[in-house]
file work_12.cif (mmCIF, C-alpha atoms and all ligand atoms)
data_target
loop_
_atom_site.label_atom_id
_atom_site.label_comp_id
_atom_site.auth_asym_id
_atom_site.auth_seq_id
_atom_site.Cartn_x
_atom_site.Cartn_y
_atom_site.Cartn_z
CA MET A 140 0.00 0.00 0.00
CA SER A 141 1.49 3.33 -1.08
CA LEU A 142 0.30 6.80 -0.24
CA LEU A 143 1.46 10.03 -1.81
CA LEU A 144 0.97 13.24 0.18
CA SER A 145 1.01 15.93 -2.48
CA ASN A 146 0.78 19.71 -2.57
CA CYS A 147 2.34 20.55 0.81
CA SER A 148 5.22 22.43 2.45
CA ILE A 149 7.43 20.27 4.63
CA ILE A 150 8.98 21.15 7.97
CA ALA A 151 11.35 18.23 8.56
CA CYS A 152 12.23 19.31 12.15
CA ASP A 153 15.84 18.24 11.61
CA GLY A 154 17.24 21.76 11.25
CA SER A 155 16.89 21.89 7.46
CA PRO A 156 14.88 24.76 5.91
CA PRO A 157 11.22 24.13 4.97
CA VAL A 158 10.57 22.74 1.49
CA ASP A 159 7.74 24.33 -0.48
CA ASP A 160 5.76 22.75 -3.29
CA ALA A 161 6.68 19.31 -1.98
CA ALA A 162 5.39 15.76 -1.76
CA VAL A 163 6.02 12.75 0.46
CA LEU A 164 5.77 9.16 -0.71
CA ILE A 165 4.86 6.62 1.97
CA GLU A 166 5.45 2.90 1.42
CA ASP A 167 5.02 0.12 3.96
CA ALA A 168 4.36 2.61 6.77
CA ARG A 169 7.63 4.43 6.12
CA ILE A 170 8.69 7.61 4.37
CA ALA A 171 10.04 6.35 1.02
CA ALA A 172 10.74 9.69 -0.67
CA VAL A 173 10.62 13.38 0.24
CA ASP A 174 10.93 15.67 -2.69
CA LYS A 175 9.91 18.59 -4.77
CA GLU A 176 6.57 17.63 -6.23
CA HIS A 177 7.74 17.80 -9.81
CA SER A 178 10.54 15.28 -9.37
CA LEU A 179 7.95 12.74 -8.17
CA GLU A 180 5.59 13.42 -11.08
CA PRO A 181 6.87 10.67 -13.40
CA LEU A 182 6.36 8.21 -10.57
CA ILE A 183 2.82 9.45 -9.98
CA ARG A 184 2.02 8.88 -13.67
CA GLU A 185 3.54 5.39 -13.69
CA ARG A 186 2.03 4.00 -10.53
CA THR A 187 -1.54 2.84 -10.63
CA ASP A 188 -1.52 1.52 -7.03
CA LEU A 189 -0.83 4.94 -5.59
CA GLU A 190 -3.38 6.61 -3.36
CA VAL A 191 -2.91 10.38 -3.54
CA LEU A 192 -3.85 12.72 -0.70
CA ASP A 193 -3.79 16.32 -1.92
CA LEU A 194 -2.96 18.38 1.18
CA GLY A 195 -4.14 21.61 -0.42
CA GLY A 196 -0.99 23.57 0.39
CA ARG A 197 -0.88 22.51 4.06
CA TRP A 198 2.21 22.47 6.27
CA LEU A 199 3.39 18.95 7.00
CA MET A 200 5.62 18.01 9.92
CA PRO A 201 6.40 14.99 12.13
CA GLY A 202 3.77 13.89 14.64
CA LEU A 203 4.05 15.52 18.07
CA MET A 204 5.78 13.57 20.84
CA ASP A 205 4.63 14.39 24.38
CA MET A 206 7.30 13.42 26.93
CA HIS A 207 5.27 13.70 30.13
CA VAL A 208 1.84 12.11 30.20
CA HIS A 209 -0.16 10.09 32.73
CA LEU A 210 -2.99 8.34 30.86
CA SER A 211 -4.65 7.47 34.15
CA LEU A 212 -4.10 11.00 35.52
CA ALA A 213 -6.15 11.78 38.63
CA LEU A 214 -5.11 15.01 40.33
CA PRO A 215 -6.06 15.77 43.95
CA GLY A 216 -9.75 16.59 44.24
CA PRO A 217 -12.80 14.72 42.91
CA ALA A 218 -10.80 12.97 40.17
CA GLN A 219 -8.45 11.35 42.70
CA LEU A 220 -11.30 10.34 44.98
CA ALA A 221 -13.16 8.77 42.05
CA ALA A 222 -10.01 6.95 40.94
CA GLN A 223 -9.73 5.29 44.36
CA VAL A 224 -12.94 3.35 43.76
CA GLU A 225 -12.58 2.99 39.98
CA THR A 226 -12.76 -0.55 38.63
CA ASP A 227 -9.99 -1.95 36.42
CA MET A 228 -12.39 -1.88 33.47
CA ALA A 229 -13.35 1.75 34.00
CA LEU A 230 -9.68 2.73 34.41
CA THR A 231 -8.74 0.96 31.20
CA ILE A 232 -11.50 2.61 29.21
CA ARG A 233 -10.66 6.05 30.62
CA ALA A 234 -6.92 5.68 29.92
CA TYR A 235 -7.57 4.40 26.40
CA GLY A 236 -9.94 7.28 25.66
CA ASN A 237 -7.22 9.69 26.76
CA ALA A 238 -4.67 8.00 24.49
CA LEU A 239 -6.97 8.07 21.47
CA GLU A 240 -7.85 11.74 21.96
CA ALA A 241 -4.13 12.54 22.16
CA LEU A 242 -3.54 10.79 18.83
CA HIS A 243 -6.40 12.70 17.21
CA ALA A 244 -4.84 15.95 18.47
CA GLY A 245 -1.62 15.05 16.64
CA ALA A 246 0.39 13.36 19.41
CA THR A 247 1.60 10.21 17.68
CA PHE A 248 3.94 9.28 20.56
CA LEU A 249 3.53 9.54 24.34
CA ARG A 250 6.15 8.97 27.02
CA LEU A 251 4.16 7.77 30.04
CA VAL A 252 5.83 8.57 33.35
CA GLY A 253 3.52 7.16 36.00
CA ASP A 254 1.10 4.31 35.45
CA ALA A 255 -1.74 2.94 37.56
CA ARG A 256 -2.35 -0.81 37.68
CA SER A 257 -0.17 -1.51 34.60
CA VAL A 258 -2.78 -0.08 32.25
CA ASP A 259 -0.07 1.66 30.17
CA PHE A 260 1.78 -1.60 29.48
CA GLU A 261 -1.45 -3.34 28.43
CA LEU A 262 -2.51 -0.49 26.17
CA LYS A 263 0.95 -0.40 24.58
CA ARG A 264 0.72 -4.12 23.84
CA ALA A 265 -2.79 -3.79 22.35
CA ILE A 266 -1.80 -0.80 20.20
CA ASN A 267 1.44 -2.44 18.99
CA ASN A 268 -0.48 -5.61 18.10
CA GLY A 269 -2.91 -3.52 16.06
CA ARG A 270 -5.89 -4.48 18.22
CA LEU A 271 -6.48 -0.85 19.19
CA GLN A 272 -5.76 2.38 17.36
CA GLY A 273 -3.61 4.72 19.43
CA PRO A 274 -0.36 6.63 19.70
CA ARG A 275 2.96 4.88 20.20
CA LEU A 276 3.49 4.46 23.95
CA PHE A 277 6.82 4.58 25.79
CA CYS A 278 6.21 3.46 29.36
CA ALA A 279 7.87 3.95 32.74
CA GLY A 280 5.40 1.85 34.70
CA ARG A 281 4.97 3.22 38.21
CA ALA A 282 7.17 6.07 39.42
CA VAL A 283 9.50 5.02 42.24
CA ILE A 284 9.13 7.22 45.36
CA ILE A 285 10.07 7.14 49.05
CA THR A 286 7.41 6.18 51.60
CA GLY A 287 4.91 9.04 51.57
CA GLY A 288 6.85 10.70 48.73
CA HIS A 289 5.53 12.74 45.82
CA GLY A 290 2.44 11.21 44.23
CA PHE A 291 1.80 8.52 46.88
CA PRO A 292 -2.01 8.88 46.78
CA SER A 293 -2.13 8.93 42.97
CA GLY A 294 -2.02 5.17 42.43
CA SER A 295 0.72 5.63 39.82
CA THR A 296 3.71 5.35 42.15
CA ILE A 297 5.47 2.62 44.12
CA GLU A 298 6.91 3.37 47.56
CA ALA A 299 10.40 2.11 48.37
CA ASP A 300 13.14 2.99 50.85
CA GLY A 301 16.90 2.59 50.92
CA ALA A 302 19.22 1.62 48.08
CA ASP A 303 18.02 -1.99 48.05
CA GLY A 304 14.38 -0.88 48.06
CA PHE A 305 14.90 1.48 45.14
CA ARG A 306 16.86 -1.15 43.19
CA GLN A 307 14.08 -3.67 43.70
CA ALA A 308 11.32 -1.20 42.74
CA VAL A 309 13.19 -0.28 39.53
CA ARG A 310 13.65 -3.96 38.67
CA ALA A 311 9.93 -4.56 39.20
CA GLN A 312 9.17 -1.88 36.57
CA LEU A 313 11.72 -3.43 34.19
CA ARG A 314 10.06 -6.82 34.71
CA GLY A 315 6.75 -5.25 33.69
CA GLY A 316 8.31 -3.97 30.46
CA ALA A 317 9.44 -0.42 31.32
CA ASP A 318 11.09 1.52 28.50
CA VAL A 319 12.32 4.21 30.89
CA ILE A 320 12.50 4.55 34.68
CA LYS A 321 10.94 7.43 36.58
CA LEU A 322 11.75 8.51 40.13
CA CYS A 323 10.31 11.34 42.22
CA ILE A 324 13.22 12.87 44.13
CA THR A 325 11.59 16.02 45.57
CA GLY A 326 8.16 17.22 46.61
CA GLY A 327 5.86 18.72 44.00
CA ILE A 328 2.71 20.74 43.34
CA ALA A 329 0.22 17.91 43.83
CA GLY A 330 1.31 16.97 47.37
CA GLU A 331 -0.43 18.54 50.35
CA HIS A 332 2.17 17.72 53.00
CA GLU A 333 5.37 18.50 51.13
CA GLN A 334 7.18 21.46 49.64
CA ILE A 335 8.39 21.45 46.02
CA ARG A 336 11.95 22.04 47.27
CA ASP A 337 11.93 19.16 49.78
CA SER A 338 14.59 16.56 49.03
CA GLN A 339 13.01 13.12 49.17
CA ALA A 340 15.21 10.37 47.71
CA THR A 341 18.73 10.11 49.14
CA TYR A 342 21.89 10.01 47.03
CA ALA A 343 22.31 6.28 47.74
CA GLU A 344 18.72 5.57 46.65
CA MET A 345 19.13 7.53 43.41
CA GLU A 346 22.50 5.94 42.65
CA ALA A 347 21.11 2.42 43.13
CA ALA A 348 18.10 3.19 40.92
CA CYS A 349 20.31 4.68 38.18
CA GLU A 350 22.60 1.66 38.24
CA ALA A 351 19.66 -0.76 37.97
CA ALA A 352 18.17 1.21 35.04
CA HIS A 353 21.46 1.63 33.20
CA ASN A 354 22.39 -2.03 33.67
CA ALA A 355 19.19 -2.84 31.77
CA GLY A 356 20.03 -0.32 29.03
CA ARG A 357 17.24 2.07 30.04
CA ARG A 358 17.38 5.77 30.70
CA ILE A 359 16.17 7.15 34.01
CA THR A 360 14.40 10.42 34.74
CA ALA A 361 13.12 12.16 37.84
CA HIS A 362 10.36 14.48 38.90
CA ALA A 363 12.48 17.18 40.57
CA GLY A 364 12.02 20.70 41.87
CA SER A 365 15.14 22.03 43.56
CA SER A 366 18.63 22.68 42.24
CA LYS A 367 20.16 20.86 45.21
CA ALA A 368 18.31 17.61 44.53
CA ILE A 369 18.76 17.94 40.78
CA SER A 370 22.57 18.37 40.97
CA GLU A 371 22.77 15.41 43.34
CA GLY A 372 20.55 13.35 41.05
CA ILE A 373 22.63 14.15 37.99
CA ARG A 374 25.80 13.11 39.81
CA ALA A 375 24.00 9.91 40.80
CA GLY A 376 23.34 9.22 37.11
CA LEU A 377 19.97 10.72 36.08
CA ASP A 378 19.59 11.25 32.32
CA CYS A 379 16.64 13.64 32.44
CA ILE A 380 14.80 16.03 34.77
CA GLU A 381 11.03 16.58 34.75
CA HIS A 382 9.68 20.07 35.64
CA GLY A 383 12.87 21.68 37.10
CA TYR A 384 10.87 24.34 38.96
CA PHE A 385 13.81 25.98 40.74
CA LEU A 386 16.98 25.82 38.67
CA ASP A 387 20.06 27.96 39.25
CA GLU A 388 23.04 28.67 37.02
CA PRO A 389 25.46 26.03 38.35
CA THR A 390 22.72 23.41 37.92
CA VAL A 391 21.84 24.29 34.31
CA GLU A 392 25.57 24.37 33.51
CA LEU A 393 25.93 20.90 34.99
CA MET A 394 22.94 19.72 32.94
CA ALA A 395 24.39 21.20 29.73
CA LYS A 396 27.81 19.65 30.41
CA ARG A 397 26.40 16.20 31.17
CA GLY A 398 23.83 16.28 28.35
CA THR A 399 20.97 15.91 30.85
CA TYR A 400 17.56 16.57 29.26
CA LEU A 401 14.94 18.89 30.71
CA VAL A 402 11.21 18.28 30.19
CA PRO A 403 9.91 21.62 31.51
CA THR A 404 6.09 21.03 31.64
CA LEU A 405 5.51 24.81 31.89
CA SER A 406 1.73 24.41 31.78
CA VAL A 407 1.47 22.93 35.28
CA SER A 408 2.40 26.16 37.05
CA ARG A 409 0.09 28.43 35.01
CA ALA A 410 -3.18 26.54 34.79
CA GLU A 411 -5.45 28.19 37.36
CA ASP A 412 -8.66 27.91 35.31
CA TYR A 413 -7.92 24.34 34.37
CA MET A 414 -7.30 23.33 37.99
CA ARG A 415 -10.44 25.12 39.15
CA ARG A 416 -12.52 23.45 36.47
CA ILE A 417 -11.44 19.96 37.47
CA GLY A 418 -11.94 20.78 41.16
CA CYS A 419 -8.34 20.79 42.46
CA PRO A 420 -8.13 21.98 46.08
CA GLN A 421 -7.16 25.58 46.79
CA TRP A 422 -3.80 24.64 48.41
CA MET A 423 -2.74 23.01 45.14
CA ILE A 424 -3.79 25.95 42.98
CA ASP A 425 -1.93 28.38 45.27
CA LYS A 426 1.18 26.22 45.28
CA SER A 427 1.27 25.90 41.50
CA LEU A 428 0.80 29.61 40.86
CA ARG A 429 3.47 30.51 43.44
CA ALA A 430 5.96 28.39 41.50
CA GLY A 431 5.01 29.92 38.13
CA GLU A 432 7.56 32.72 37.87
CA ASP A 433 10.52 30.69 39.13
CA HIS A 434 9.51 27.84 36.85
CA MET A 435 9.59 30.05 33.76
CA ARG A 436 12.87 31.66 34.83
CA SER A 437 14.39 28.20 35.31
CA PHE A 438 13.33 27.25 31.78
CA GLN A 439 14.95 30.42 30.45
CA LEU A 440 18.20 29.71 32.33
CA ALA A 441 18.27 26.19 30.88
CA LEU A 442 17.61 27.53 27.40
CA ALA A 443 20.43 30.08 27.69
CA ALA A 444 22.84 27.42 28.97
CA GLY A 445 22.09 25.14 26.01
CA VAL A 446 20.40 22.35 28.00
CA LYS A 447 18.68 19.77 25.78
CA ILE A 448 14.95 20.37 26.04
CA ALA A 449 12.05 18.06 25.14
CA MET A 450 8.37 19.01 25.31
CA GLY A 451 6.03 17.48 27.89
CA THR A 452 2.63 18.62 29.14
CA ASP A 453 2.06 16.71 32.42
CA MET A 454 -1.59 17.02 31.42
CA LEU A 455 -3.56 14.92 29.01
CA PRO A 456 -2.39 16.16 25.60
CA ALA A 457 -5.98 16.74 24.44
CA ASP A 458 -7.16 18.31 27.71
CA PRO A 459 -9.01 21.58 27.04
CA TYR A 460 -6.78 24.30 28.50
CA ASP A 461 -6.54 28.06 27.99
CA GLY A 462 -8.82 28.13 24.96
CA THR A 463 -7.05 25.29 23.17
CA LEU A 464 -5.58 21.85 23.97
CA ALA A 465 -2.79 21.30 26.50
CA ILE A 466 -0.24 20.00 24.00
CA TYR A 467 -0.51 23.06 21.75
CA ARG A 468 -0.50 25.46 24.70
CA GLU A 469 2.65 23.87 26.17
CA ILE A 470 4.54 24.52 22.91
CA GLU A 471 3.21 28.09 22.92
CA TRP A 472 4.46 28.60 26.50
CA MET A 473 7.93 27.47 25.42
CA VAL A 474 7.93 30.08 22.65
CA GLU A 475 6.55 32.74 25.02
CA GLY A 476 9.46 31.84 27.32
CA GLY A 477 11.94 32.72 24.58
CA MET A 478 12.42 29.56 22.55
CA ALA A 479 12.46 30.07 18.77
CA PRO A 480 9.49 28.41 17.01
CA ASP A 481 11.72 26.00 15.07
CA ALA A 482 13.45 24.97 18.33
CA ALA A 483 10.08 24.49 20.07
CA LEU A 484 8.82 22.28 17.21
CA ARG A 485 12.05 20.31 17.41
CA ALA A 486 11.64 19.91 21.19
CA ALA A 487 8.24 18.35 20.45
CA THR A 488 9.59 16.00 17.75
CA LEU A 489 13.24 15.17 17.02
CA SER A 490 14.67 16.11 20.45
CA ALA A 491 11.92 14.06 22.10
CA SER A 492 12.78 11.08 19.89
CA GLU A 493 16.43 11.48 20.90
CA LEU A 494 15.48 11.53 24.58
CA CYS A 495 13.68 8.20 24.06
CA GLU A 496 16.48 6.91 21.80
CA VAL A 497 13.98 6.25 18.99
CA ASP A 498 15.37 8.93 16.65
CA ALA A 499 16.45 6.34 14.06
CA GLU A 500 12.73 5.57 13.54
CA LEU A 501 10.79 8.69 14.52
CA GLY A 502 10.92 12.44 15.08
CA SER A 503 11.57 13.97 11.65
CA VAL A 504 10.37 13.88 8.05
CA THR A 505 13.29 11.78 6.84
CA VAL A 506 13.44 8.98 4.26
CA GLY A 507 13.42 5.61 6.02
CA LYS A 508 11.63 6.75 9.17
CA GLN A 509 8.11 5.77 10.21
CA ALA A 510 5.47 7.94 8.54
CA ASP A 511 4.05 9.62 11.66
CA LEU A 512 2.93 12.99 10.29
CA ILE A 513 0.58 15.90 10.95
CA ALA A 514 -0.64 18.71 8.70
CA MET A 515 -2.24 22.12 9.25
CA PRO A 516 -3.30 25.08 7.09
CA ASP A 517 -0.90 27.71 8.52
CA ASN A 518 2.87 27.78 8.98
CA PRO A 519 3.84 26.96 12.61
CA LEU A 520 7.30 28.47 12.03
CA ASP A 521 5.60 31.87 11.64
CA ASN A 522 3.42 31.28 14.70
CA VAL A 523 3.23 28.03 16.67
CA ARG A 524 -0.46 28.75 17.29
CA ALA A 525 -0.87 27.23 13.81
CA LEU A 526 -0.72 23.84 15.60
CA ARG A 527 -4.22 24.56 16.89
CA GLY A 528 -5.38 24.01 13.32
CA ILE A 529 -3.97 20.46 12.89
CA ASP A 530 -6.56 18.67 10.76
CA VAL A 531 -4.66 15.71 9.34
CA VAL A 532 -2.97 13.03 11.46
CA ILE A 533 -1.10 10.06 9.99
CA LYS A 534 0.50 7.28 12.05
CA GLY A 535 2.64 4.56 10.49
CA GLY A 536 1.44 5.64 7.04
CA ALA A 537 -2.25 5.19 7.91
CA ILE A 538 -4.57 8.19 7.90
CA VAL A 539 -5.89 8.43 11.47
CA ARG A 540 -7.78 11.67 11.09
CA ASP A 541 -8.61 13.92 8.15
CA CYS A 542 -11.16 16.54 9.05
CA ARG A 543 -10.32 19.17 6.44
ZN ZN B 1 3.81 14.10 36.06
#
call {"tool": "encode", "arguments": {"input": "work_12.cif", "output": "structure tokens", "more": "lines below"}}
Ligand SMILES: [Zn+2]
result
Amino acid sequence: MSLLLSNCSIIACDGSPPVDDAAVLIEDARIAAVDKEHSLEPLIRERTDLEVLDLGGRWLMPGLMDMHVHLSLALPGPAQLAAQVETDMALTIRAYGNALEALHAGATFLRLVGDARSVDFELKRAINNGRLQGPRLFCAGRAVIITGGHGFPSGSTIEADGADGFRQAVRAQLRGGADVIKLCITGGIAGEHEQIRDSQATYAEMEAACEAAHNAGRRITAHAGSSKAISEGIRAGLDCIEHGYFLDEPTVELMAKRGTYLVPTLSVSRAEDYMRRIGCPQWMIDKSLRAGEDHMRSFQLALAAGVKIAMGTDMLPADPYDGTLAIYREIEWMVEGGMAPDAALRAATLSASELCEVDAELGSVTVGKQADLIAMPDNPLDNVRALRGIDVVIKGGAIVRDCR
């Protein structure tokens, strides 16, 4: 089965300039040719098996890759209370609905960093087997935390203590099929009895977890707020930091030097209306808004230091937020924070694929890679708000959504 996407401009997201008047040939789920339309014309005339999708001058780019998602997300408030009595079946249906909506919004790949009752692993299996339509899933299993640590009431964490405890908890996630390991090493916004700056995991616990992950060839990331805990964690072997609410210069320099990634999740500290709508308690709203300015400044410090940045929402990608969907708004926040539009698009595609070490297969419009693609009427390099208009989504060469 071959598909030709004609009449489009291509943003490859690999640093090359956009190509106008272009076409993409997809064969066996992969990008077989990317070219000026006219050079593919003889082929179009010759081939009778070719399905042609005229994109009407749209902008085509790789599918979005969200690096921080919880499909079974249940924040403090009514959602978390409901989740405590939710059946396995209801949880599965809810998580799958969230995954499918994300795909329809243009997120062809999700890195899942905190799973309840192994639903992520099961959904990944069902999607990879072709039994369910959905985005590609890259799973951490449950996040490893200390007793009473960040996220303990969420159902998507596993409590452990001491180096042996952390090692064992990491190995249990690997046994379940984890693609990446997630720790929580400080407090966070969604914890009533903790401060974001509180150190939680000890150096010995982090070091043991990093060794267990690296021995299995997996990367390891951590929910982390303070510079102190982050520098310790990086020395202990962390490959990536989630949120990074309070970063200082020595810490971003260390991150840049070590090649540590940052997934900033800027949306979580500027989402008052969203949190009110879903019924989050007042203490949580206050805490998130108080962190907002420092969070943005930390992102800017990391950007200036040349830290590798990958986009993550820490919301459901298709959650309604600020007049649009969370995944588009997160990319807009990154640009409002000073990131160039092409860099922000790259953070949501190729850099994300590099973080997950799947860049040989995904993350750019490149011959040989999987045909995970999105299209929209306006040019997102002029204004990333153009992403709000995504109306074509293709995953593995199959048209998932075309609502032009
Ligand atoms: Zn999270």
call {"tool": "residues_near_ligand", "arguments": {"input": "work_12.cif", "ligand": "ligand ZN 1 (chain B)", "cutoff": "9 Å", "atoms": "all atoms listed in the file", "output": "VMD selection string"}}
result
chain A and resid 207 to 209 212 251 to 253 290 362 381 to 382 404 452 to 454
call {"tool": "residues_around", "arguments": {"input": "work_12.cif", "residues": "Glu496 of chain A", "least_positions_apart": "5", "cutoff": "12 Å", "atoms": "all atoms listed in the file", "output": "number ranges by chain"}}
result
A: 250, 277, 318-319, 356-358, 378, 489-491, 501-502
call {"tool": "write_last_selection", "arguments": {"input": "work_12.cif", "atoms": "C-alpha atoms", "output": "compact mmCIF listing (two decimals), in the frame of the given file"}}
result
# COMPACT_ATOMS: atom_id res chain seq x y z
CA ARG A 250 6.15 8.97 27.02
CA PHE A 277 6.82 4.58 25.79
CA ASP A 318 11.09 1.52 28.50
CA VAL A 319 12.32 4.21 30.89
CA GLY A 356 20.03 -0.32 29.03
CA ARG A 357 17.24 2.07 30.04
CA ARG A 358 17.38 5.77 30.70
CA ASP A 378 19.59 11.25 32.32
CA LEU A 489 13.24 15.17 17.02
CA SER A 490 14.67 16.11 20.45
CA ALA A 491 11.92 14.06 22.10
CA LEU A 501 10.79 8.69 14.52
CA GLY A 502 10.92 12.44 15.08
call {"tool": "atom_distance", "arguments": {"input": "work_12.cif", "atom1": "atom CA of Cys147 of chain A", "atom2": "atom CA of Glu469 of chain A"}}
result
25.6 Å
call {"tool": "residues_around", "arguments": {"input": "work_12.cif", "residues": "Leu455 of chain A", "least_positions_apart": "4", "cutoff": "12 Å", "atoms": "only C-alpha atoms", "output": "MDAnalysis selection string"}}
result
chainID A and resid 205:214 233:242 244 246 249:251 404 406:407 413 451 459:460 464:469
call {"tool": "closest_residue", "arguments": {"input": "work_12.cif", "among": "A:Leu194, A:Ile424, A:Ala172, A:Ala355", "to": "Val531 of chain A", "atoms": "all atoms listed in the file"}}
result
A:Leu194
call {"tool": "atom_distance", "arguments": {"input": "work_12.cif", "atom1": "atom CA of Arg256 of chain A", "atom2": "atom CA of Ala329 of chain A"}}
result
19.9 Å
call {"tool": "closest_residue", "arguments": {"input": "work_12.cif", "among": "A:Asp481, A:Asp498, A:Asp521, A:Asp541", "to": "Ser155 of chain A", "atoms": "only C-alpha atoms"}}
result
A:Asp481
call {"tool": "residues_near_point", "arguments": {"input": "work_12.cif", "point": "(-4.4, 11.2, 1.6)", "cutoff": "10 Å", "atoms": "only C-alpha atoms", "output": "list in words"}}
result
Leu142, Leu143, Leu144, Ser145, Glu190, Val191, Leu192, Asp193, Leu194, Val531, Ile533, Gly536, Ala537, Ile538 and Asp541 of chain A
call {"tool": "residues_around", "arguments": {"input": "work_12.cif", "residues": "Ala483 of chain A", "least_positions_apart": "2", "cutoff": "8 Å", "atoms": "all atoms listed in the file", "output": "compact mmCIF listing (two decimals) with C-alpha atoms, in the frame of the given file"}}
result
# COMPACT_ATOMS: atom_id res chain seq x y z
CA MET A 450 8.37 19.01 25.31
CA ILE A 470 4.54 24.52 22.91
CA MET A 473 7.93 27.47 25.42
CA VAL A 474 7.93 30.08 22.65
CA MET A 478 12.42 29.56 22.55
CA ALA A 479 12.46 30.07 18.77
CA PRO A 480 9.49 28.41 17.01
CA ASP A 481 11.72 26.00 15.07
CA ARG A 485 12.05 20.31 17.41
CA ALA A 486 11.64 19.91 21.19
CA ALA A 487 8.24 18.35 20.45
call {"tool": "atom_distance", "arguments": {"input": "work_12.cif", "atom1": "atom CA of Phe305 of chain A", "atom2": "atom CA of Glu344 of chain A"}}
result
5.8 Å
call {"tool": "closest_residue", "arguments": {"input": "work_12.cif", "among": "A:Val539, A:Leu189, A:Leu262, A:Ile324", "to": "Ile165 of chain A", "atoms": "all atoms listed in the file"}}
result
A:Leu189
call {"tool": "axis_aligned_box", "arguments": {"input": "work_12.cif", "around": "segment 449-460 of chain A", "padding_each_side": "5 Å", "output": "JSON"}}
result
{"center_x": 1.5, "center_y": 19.6, "center_z": 28.4, "size_x": 31.1, "size_y": 19.4, "size_z": 18.0}
call {"tool": "residues_around", "arguments": {"input": "work_12.cif", "residues": "Ile320 of chain A", "least_positions_apart": "3", "cutoff": "8 Å", "atoms": "all atoms listed in the file", "output": "mmCIF file with C-alpha atoms, in the coordinates of the input"}}
result
data_model
loop_
_atom_site.group_PDB
_atom_site.id
_atom_site.type_symbol
_atom_site.label_atom_id
_atom_site.label_comp_id
_atom_site.auth_asym_id
_atom_site.auth_seq_id
_atom_site.Cartn_x
_atom_site.Cartn_y
_atom_site.Cartn_z
ATOM 1 C CA VAL A 252 5.830 8.570 33.350
ATOM 2 C CA ALA A 279 7.870 3.950 32.740
ATOM 3 C CA GLY A 280 5.400 1.850 34.700
ATOM 4 C CA ALA A 282 7.170 6.070 39.420
ATOM 5 C CA VAL A 309 13.190 -0.280 39.530
ATOM 6 C CA GLN A 312 9.170 -1.880 36.570
ATOM 7 C CA ALA A 317 9.440 -0.420 31.320
ATOM 8 C CA ALA A 352 18.170 1.210 35.040
ATOM 9 C CA ARG A 357 17.240 2.070 30.040
ATOM 10 C CA ARG A 358 17.380 5.770 30.700
ATOM 11 C CA ILE A 359 16.170 7.150 34.010
ATOM 12 C CA THR A 360 14.400 10.420 34.740
#
call {"tool": "closest_residue", "arguments": {"input": "work_12.cif", "among": "A:Glu493, A:Ser437, A:Ser427, A:Arg527", "to": "Ala514 of chain A", "atoms": "all atoms listed in the file"}}
result
A:Arg527
call {"tool": "build_atoms", "arguments": {"input": "work_12.cif", "residues": "segment 155-163 of chain A", "atoms": "N, CA, C and O atoms", "output": "JSON list (two decimals), keeping the file's coordinate frame"}}
result
[["chain", "number", "residue", "atom", "x", "y", "z"],
["A", 155, "SER", "N", 16.83, 21.46, 8.86],
["A", 155, "SER", "CA", 16.89, 21.89, 7.46],
["A", 155, "SER", "C", 15.76, 22.89, 7.19],
["A", 155, "SER", "O", 14.74, 22.88, 7.88],
["A", 156, "PRO", "N", 15.94, 23.78, 6.18],
["A", 156, "PRO", "CA", 14.88, 24.76, 5.91],
["A", 156, "PRO", "C", 13.63, 24.09, 5.35],
["A", 156, "PRO", "O", 13.72, 22.99, 4.81],
["A", 157, "PRO", "N", 12.45, 24.72, 5.50],
["A", 157, "PRO", "CA", 11.22, 24.13, 4.97],
["A", 157, "PRO", "C", 11.29, 23.97, 3.45],
["A", 157, "PRO", "O", 11.99, 24.74, 2.79],
["A", 158, "VAL", "N", 10.61, 22.98, 2.94],
["A", 158, "VAL", "CA", 10.57, 22.74, 1.49],
["A", 158, "VAL", "C", 9.16, 23.04, 1.00],
["A", 158, "VAL", "O", 8.20, 22.42, 1.46],
["A", 159, "ASP", "N", 9.05, 23.99, 0.08],
["A", 159, "ASP", "CA", 7.74, 24.33, -0.48],
["A", 159, "ASP", "C", 7.44, 23.45, -1.69],
["A", 159, "ASP", "O", 8.35, 22.85, -2.26],
["A", 160, "ASP", "N", 6.17, 23.43, -2.07],
["A", 160, "ASP", "CA", 5.76, 22.75, -3.29],
["A", 160, "ASP", "C", 6.30, 21.31, -3.29],
["A", 160, "ASP", "O", 6.96, 20.87, -4.22],
["A", 161, "ALA", "N", 6.03, 20.60, -2.20],
["A", 161, "ALA", "CA", 6.68, 19.31, -1.98],
["A", 161, "ALA", "C", 5.68, 18.16, -1.95],
["A", 161, "ALA", "O", 4.46, 18.37, -2.00],
["A", 162, "ALA", "N", 6.21, 16.97, -1.87],
["A", 162, "ALA", "CA", 5.39, 15.76, -1.76],
["A", 162, "ALA", "C", 6.15, 14.72, -0.96],
["A", 162, "ALA", "O", 7.38, 14.73, -0.90],
["A", 163, "VAL", "N", 5.40, 13.84, -0.31],
["A", 163, "VAL", "CA", 6.02, 12.75, 0.46],
["A", 163, "VAL", "C", 5.40, 11.43, 0.01],
["A", 163, "VAL", "O", 4.18, 11.30, -0.04]]
